[in-house]
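What follows is a set of notes on a single structure, which appears directly below.
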Protein chains: 2
Amino acid sequence: MTIDRPLRADAARNRSSLLAAAAEEFALHGPDASVADIARRAGIGKGTVFRHFPTKDDLLAAVVLDRIDDLAALAQRLTAASDAGAALLEFMEAAAGRQQQLDLSFLRESGEINARLATAREHLFTEIIALVTRAQEAGAIRTDISGMDVILLMCAPNHVVSFVPNPSPDLWRRYLGIIFDGLRPEGAQALPYPAP
Amino acid sequence: MTIDRPLRADAARNRSSLLAAAAEEFALHGPDASVADIARRAGIGKGTVFRHFPTKDDLLAAVVLDRIDDLAALAQRLTAASDAGAALLEFMEAAAGRQQQLDLSFLRESGEINARLATAREHLFTEIIALVTRAQEAGAIRTDISGMDVILLMCAPNHVVSFVPNPSPDLWRRYLGIIFDGLRPEGAQALPYPAP
DNA sequence: AGTGAAACGGACCGCCTGGTCAACTTGTTA
DNA sequence: TAACAAGTTGACCAGGCGGTCCGTTTCACT
């Protein structure tokens, strides 16, 4: 319905610096980062922010969308890797590393803020499920794990680290290591509850 | 310094219903629950809340303190269990179950909001470390795990579950199962980063 | 029953937030 | 270069927050 005529030069410039500023600010303060701070960091007026994105949530969605597409592309690339177990680990590392830059709470809200985001998320999910299935077929991952489990668990290391006062920037790797070991077949116990 | 003369009957009543209301409200909405809502739920005026606790953070600290003491007592009880590995698992289950009722972000803020809370936390930590050490001596837990690792990881299952839309109330058990399997010696890989 | 202190409650304050708007500036096009 | 649409801006708004204050109520003690 909307004819997307090309943006004016200054508008395009502002839009991109706005997105960059929003990414940084959301990374620093989570979804509670204030629009005023984002505008200040981008060097534009607050009103301009709302011209580009009608709502703060839309801005957040746009930032998150970038990361999702990025992750989905990586996942797709990794499905071709020879070592399927290592590929899944590499993906989870990448996801945790990205999340460090931005709290990717893109899994929340089954209800729709943004249709585009919902489909991108679905796409990412199917790529991840493919990675997991391949890793299971290779015997690298226990078979009672679902793709959803991986999706949920890949968010955990950064959260865990957020509790320690002055976390080393690579500390999340430790907890991803532990969690990934929990996904291995060796020494796995029957899980007390089915996957969601 | 403060002589704690006994509370008047109505004050004591209000205080306890305030604490109960605060626990529920914090459980529902996290630390951002509003004082007005808590007061309404407790059936008292907002001013009364601040009479009992000079600051919202003090109220939160009081609620959290209860849980910490509770957990510490449980940990102490479990150090006497015969199966040290099962004892640690049971403790982590209890911690996750409690956390479901209240986001126990009591690990944050090395800086002091509340001295009483800080010492209670230290006490809990030493109890947990004892549990972990015993489990390691029994061979149930890999030896490259620190007490701090367990403290951090026991918070993860609930966070993970918070991402799924309508989580079953026991779903956290699944992820605790996976994480606990990551703590077992079988199939453990060298961790890529030292403990904090 | 009377009295003083303790406790109560809600109107109120200052602050900050997401979002709006009308006056102004700037890029584009002919 | 003229003129119009597109874009920008910061003052402004309503609403919600933590926290204060003081007139009123309630308890406890004699």
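Labels for the structure tokens follow display order: chains A, B, ..., residues from 1 in each chain, ligands from 1.
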Which polymer residues have any atom within 12 Å of an atom of DT29 in chain C, counting only C-alpha atoms (C1' of nucleotides), with same-chain residues fewer than 3 positions away left out, as a ChimeraX atom specification?
/D:1-5
What are the residues of chain B lining chain A at 7 Å or less? Count only C-alpha atoms, and put the answer as an mmCIF file with C-alpha atoms, in the first residue's frame.
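Saved file iface01.cif follows:
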data_model
loop_
_atom_site.group_PDB
_atom_site.id
_atom_site.type_symbol
_atom_site.label_atom_id
_atom_site.label_comp_id
_atom_site.auth_asym_id
_atom_site.auth_seq_id
_atom_site.Cartn_x
_atom_site.Cartn_y
_atom_site.Cartn_z
ATOM 1 C CA LEU B 107 23.236 -11.144 43.243
ATOM 2 C CA ARG B 108 23.382 -7.766 41.617
ATOM 3 C CA GLU B 109 24.829 -4.683 43.237
ATOM 4 C CA SER B 110 28.038 -5.577 44.944
ATOM 5 C CA LEU B 152 24.834 -18.089 38.638
ATOM 6 C CA LEU B 153 23.400 -21.038 36.762
ATOM 7 C CA ALA B 156 19.032 -19.475 34.453
ATOM 8 C CA VAL B 160 14.947 -19.177 29.907
ATOM 9 C CA PHE B 163 10.704 -16.275 26.983
ATOM 10 C CA VAL B 164 8.069 -18.834 26.124
ATOM 11 C CA PRO B 165 4.575 -17.375 25.729
ATOM 12 C CA LEU B 171 8.938 -26.190 32.348
ATOM 13 C CA ARG B 173 12.655 -28.331 35.367
ATOM 14 C CA ARG B 174 13.553 -29.291 31.833
ATOM 15 C CA GLY B 177 17.916 -30.844 33.900
ATOM 16 C CA ILE B 178 19.951 -29.877 30.869
ATOM 17 C CA ILE B 179 22.109 -27.445 32.807
ATOM 18 C CA PHE B 180 22.684 -29.932 35.579
ATOM 19 C CA ASP B 181 23.767 -32.514 33.021
ATOM 20 C CA GLY B 182 26.321 -29.946 31.902
ATOM 21 C CA LEU B 183 27.713 -30.016 35.409
ATOM 22 C CA GLU B 186 30.697 -37.477 31.991
ATOM 23 C CA GLY B 187 31.375 -35.946 28.600
ATOM 24 C CA ALA B 188 32.561 -32.654 30.033
ATOM 25 C CA GLN B 189 34.804 -30.629 27.758
ATOM 26 C CA LEU B 191 35.786 -24.858 29.700
ATOM 27 C CA PRO B 192 36.941 -21.981 27.513
ATOM 28 C CA TYR B 193 37.075 -19.424 30.297
ATOM 29 C CA PRO B 194 37.970 -19.440 34.014
#
Contact residues (chain B, partner chain C, 8 Å, only C-alpha atoms (C1' of nucleotides)) as a PyMOL selection string
chain B and resi 8+10-11+44-48
Find the residues of chain D in contact range of chain A, meaning any atom within 8 Å when counting only C-alpha atoms (C1' of nucleotides), and list them as a count of residues only.
5
Neighbouring residues of range 37-43 of chain B were defined as those with any atom within 10 Å, considering only C-alpha atoms (C1' of nucleotides); residues of the same chain fewer than 2 positions away were excluded. Please report them as a PDB file with N, CA and C atoms, in the first residue's frame.
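Written out: selection.pdb:
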ATOM      1  N   ASN B  14      -0.336  -4.515  59.335  1.00  0.00           N
ATOM      2  CA  ASN B  14      -0.079  -3.878  58.042  1.00  0.00           C
ATOM      3  C   ASN B  14       1.261  -4.288  57.472  1.00  0.00           C
ATOM      4  N   ARG B  15       2.239  -4.355  58.335  1.00  0.00           N
ATOM      5  CA  ARG B  15       3.564  -4.688  57.848  1.00  0.00           C
ATOM      6  C   ARG B  15       3.595  -6.063  57.211  1.00  0.00           C
ATOM      7  N   SER B  16       2.921  -7.009  57.838  1.00  0.00           N
ATOM      8  CA  SER B  16       2.982  -8.356  57.278  1.00  0.00           C
ATOM      9  C   SER B  16       2.178  -8.451  55.985  1.00  0.00           C
ATOM     10  N   SER B  17       1.038  -7.779  55.931  1.00  0.00           N
ATOM     11  CA  SER B  17       0.288  -7.855  54.670  1.00  0.00           C
ATOM     12  C   SER B  17       1.024  -7.067  53.583  1.00  0.00           C
ATOM     13  N   LEU B  18       1.755  -6.052  53.989  1.00  0.00           N
ATOM     14  CA  LEU B  18       2.570  -5.320  53.019  1.00  0.00           C
ATOM     15  C   LEU B  18       3.642  -6.214  52.432  1.00  0.00           C
ATOM     16  N   LEU B  19       4.318  -6.952  53.296  1.00  0.00           N
ATOM     17  CA  LEU B  19       5.369  -7.837  52.804  1.00  0.00           C
ATOM     18  C   LEU B  19       4.797  -8.901  51.877  1.00  0.00           C
ATOM     19  N   ALA B  20       3.642  -9.443  52.250  1.00  0.00           N
ATOM     20  CA  ALA B  20       3.028 -10.464  51.401  1.00  0.00           C
ATOM     21  C   ALA B  20       2.663  -9.875  50.044  1.00  0.00           C
ATOM     22  N   ALA B  21       2.038  -8.702  50.079  1.00  0.00           N
ATOM     23  CA  ALA B  21       1.639  -8.063  48.824  1.00  0.00           C
ATOM     24  C   ALA B  21       2.859  -7.748  47.975  1.00  0.00           C
ATOM     25  N   ALA B  22       3.905  -7.276  48.602  1.00  0.00           N
ATOM     26  CA  ALA B  22       5.115  -6.921  47.860  1.00  0.00           C
ATOM     27  C   ALA B  22       5.702  -8.161  47.194  1.00  0.00           C
ATOM     28  N   ALA B  23       5.732  -9.271  47.936  1.00  0.00           N
ATOM     29  CA  ALA B  23       6.274 -10.500  47.356  1.00  0.00           C
ATOM     30  C   ALA B  23       5.492 -10.888  46.111  1.00  0.00           C
ATOM     31  N   GLU B  24       4.169 -10.842  46.194  1.00  0.00           N
ATOM     32  CA  GLU B  24       3.351 -11.215  45.039  1.00  0.00           C
ATOM     33  C   GLU B  24       3.577 -10.259  43.870  1.00  0.00           C
ATOM     34  N   GLU B  25       3.583  -8.988  44.202  1.00  0.00           N
ATOM     35  CA  GLU B  25       3.676  -7.996  43.135  1.00  0.00           C
ATOM     36  C   GLU B  25       5.047  -8.040  42.461  1.00  0.00           C
ATOM     37  N   PHE B  26       6.086  -8.199  43.257  1.00  0.00           N
ATOM     38  CA  PHE B  26       7.429  -8.305  42.682  1.00  0.00           C
ATOM     39  C   PHE B  26       7.539  -9.573  41.854  1.00  0.00           C
ATOM     40  N   ALA B  33       7.683  -3.419  39.751  1.00  0.00           N
ATOM     41  CA  ALA B  33       6.333  -3.310  40.318  1.00  0.00           C
ATOM     42  C   ALA B  33       6.220  -1.971  41.031  1.00  0.00           C
ATOM     43  N   SER B  34       5.069  -1.321  40.893  1.00  0.00           N
ATOM     44  CA  SER B  34       4.954   0.022  41.466  1.00  0.00           C
ATOM     45  C   SER B  34       4.500  -0.032  42.918  1.00  0.00           C
ATOM     46  N   VAL B  35       5.008   0.907  43.676  1.00  0.00           N
ATOM     47  CA  VAL B  35       4.658   0.987  45.095  1.00  0.00           C
ATOM     48  C   VAL B  35       3.157   1.164  45.262  1.00  0.00           C
ATOM     49  N   GLY B  45      -2.525   2.486  52.579  1.00  0.00           N
ATOM     50  CA  GLY B  45      -2.176   3.682  51.826  1.00  0.00           C
ATOM     51  C   GLY B  45      -0.716   3.662  51.407  1.00  0.00           C
ATOM     52  N   LYS B  46      -0.434   4.420  50.372  1.00  0.00           N
ATOM     53  CA  LYS B  46       0.940   4.450  49.869  1.00  0.00           C
ATOM     54  C   LYS B  46       1.891   5.035  50.907  1.00  0.00           C
ATOM     55  N   GLY B  47       1.413   6.018  51.651  1.00  0.00           N
ATOM     56  CA  GLY B  47       2.242   6.627  52.683  1.00  0.00           C
ATOM     57  C   GLY B  47       2.693   5.613  53.719  1.00  0.00           C
ATOM     58  N   THR B  48       1.807   4.679  54.021  1.00  0.00           N
ATOM     59  CA  THR B  48       2.129   3.660  55.021  1.00  0.00           C
ATOM     60  C   THR B  48       3.291   2.785  54.560  1.00  0.00           C
ATOM     61  N   VAL B  49       3.335   2.529  53.272  1.00  0.00           N
ATOM     62  CA  VAL B  49       4.445   1.737  52.746  1.00  0.00           C
ATOM     63  C   VAL B  49       5.761   2.410  53.111  1.00  0.00           C
ATOM     64  N   PHE B  50       5.822   3.718  52.876  1.00  0.00           N
ATOM     65  CA  PHE B  50       7.076   4.433  53.111  1.00  0.00           C
ATOM     66  C   PHE B  50       7.332   4.668  54.590  1.00  0.00           C
TER      67      PHE B  50
END
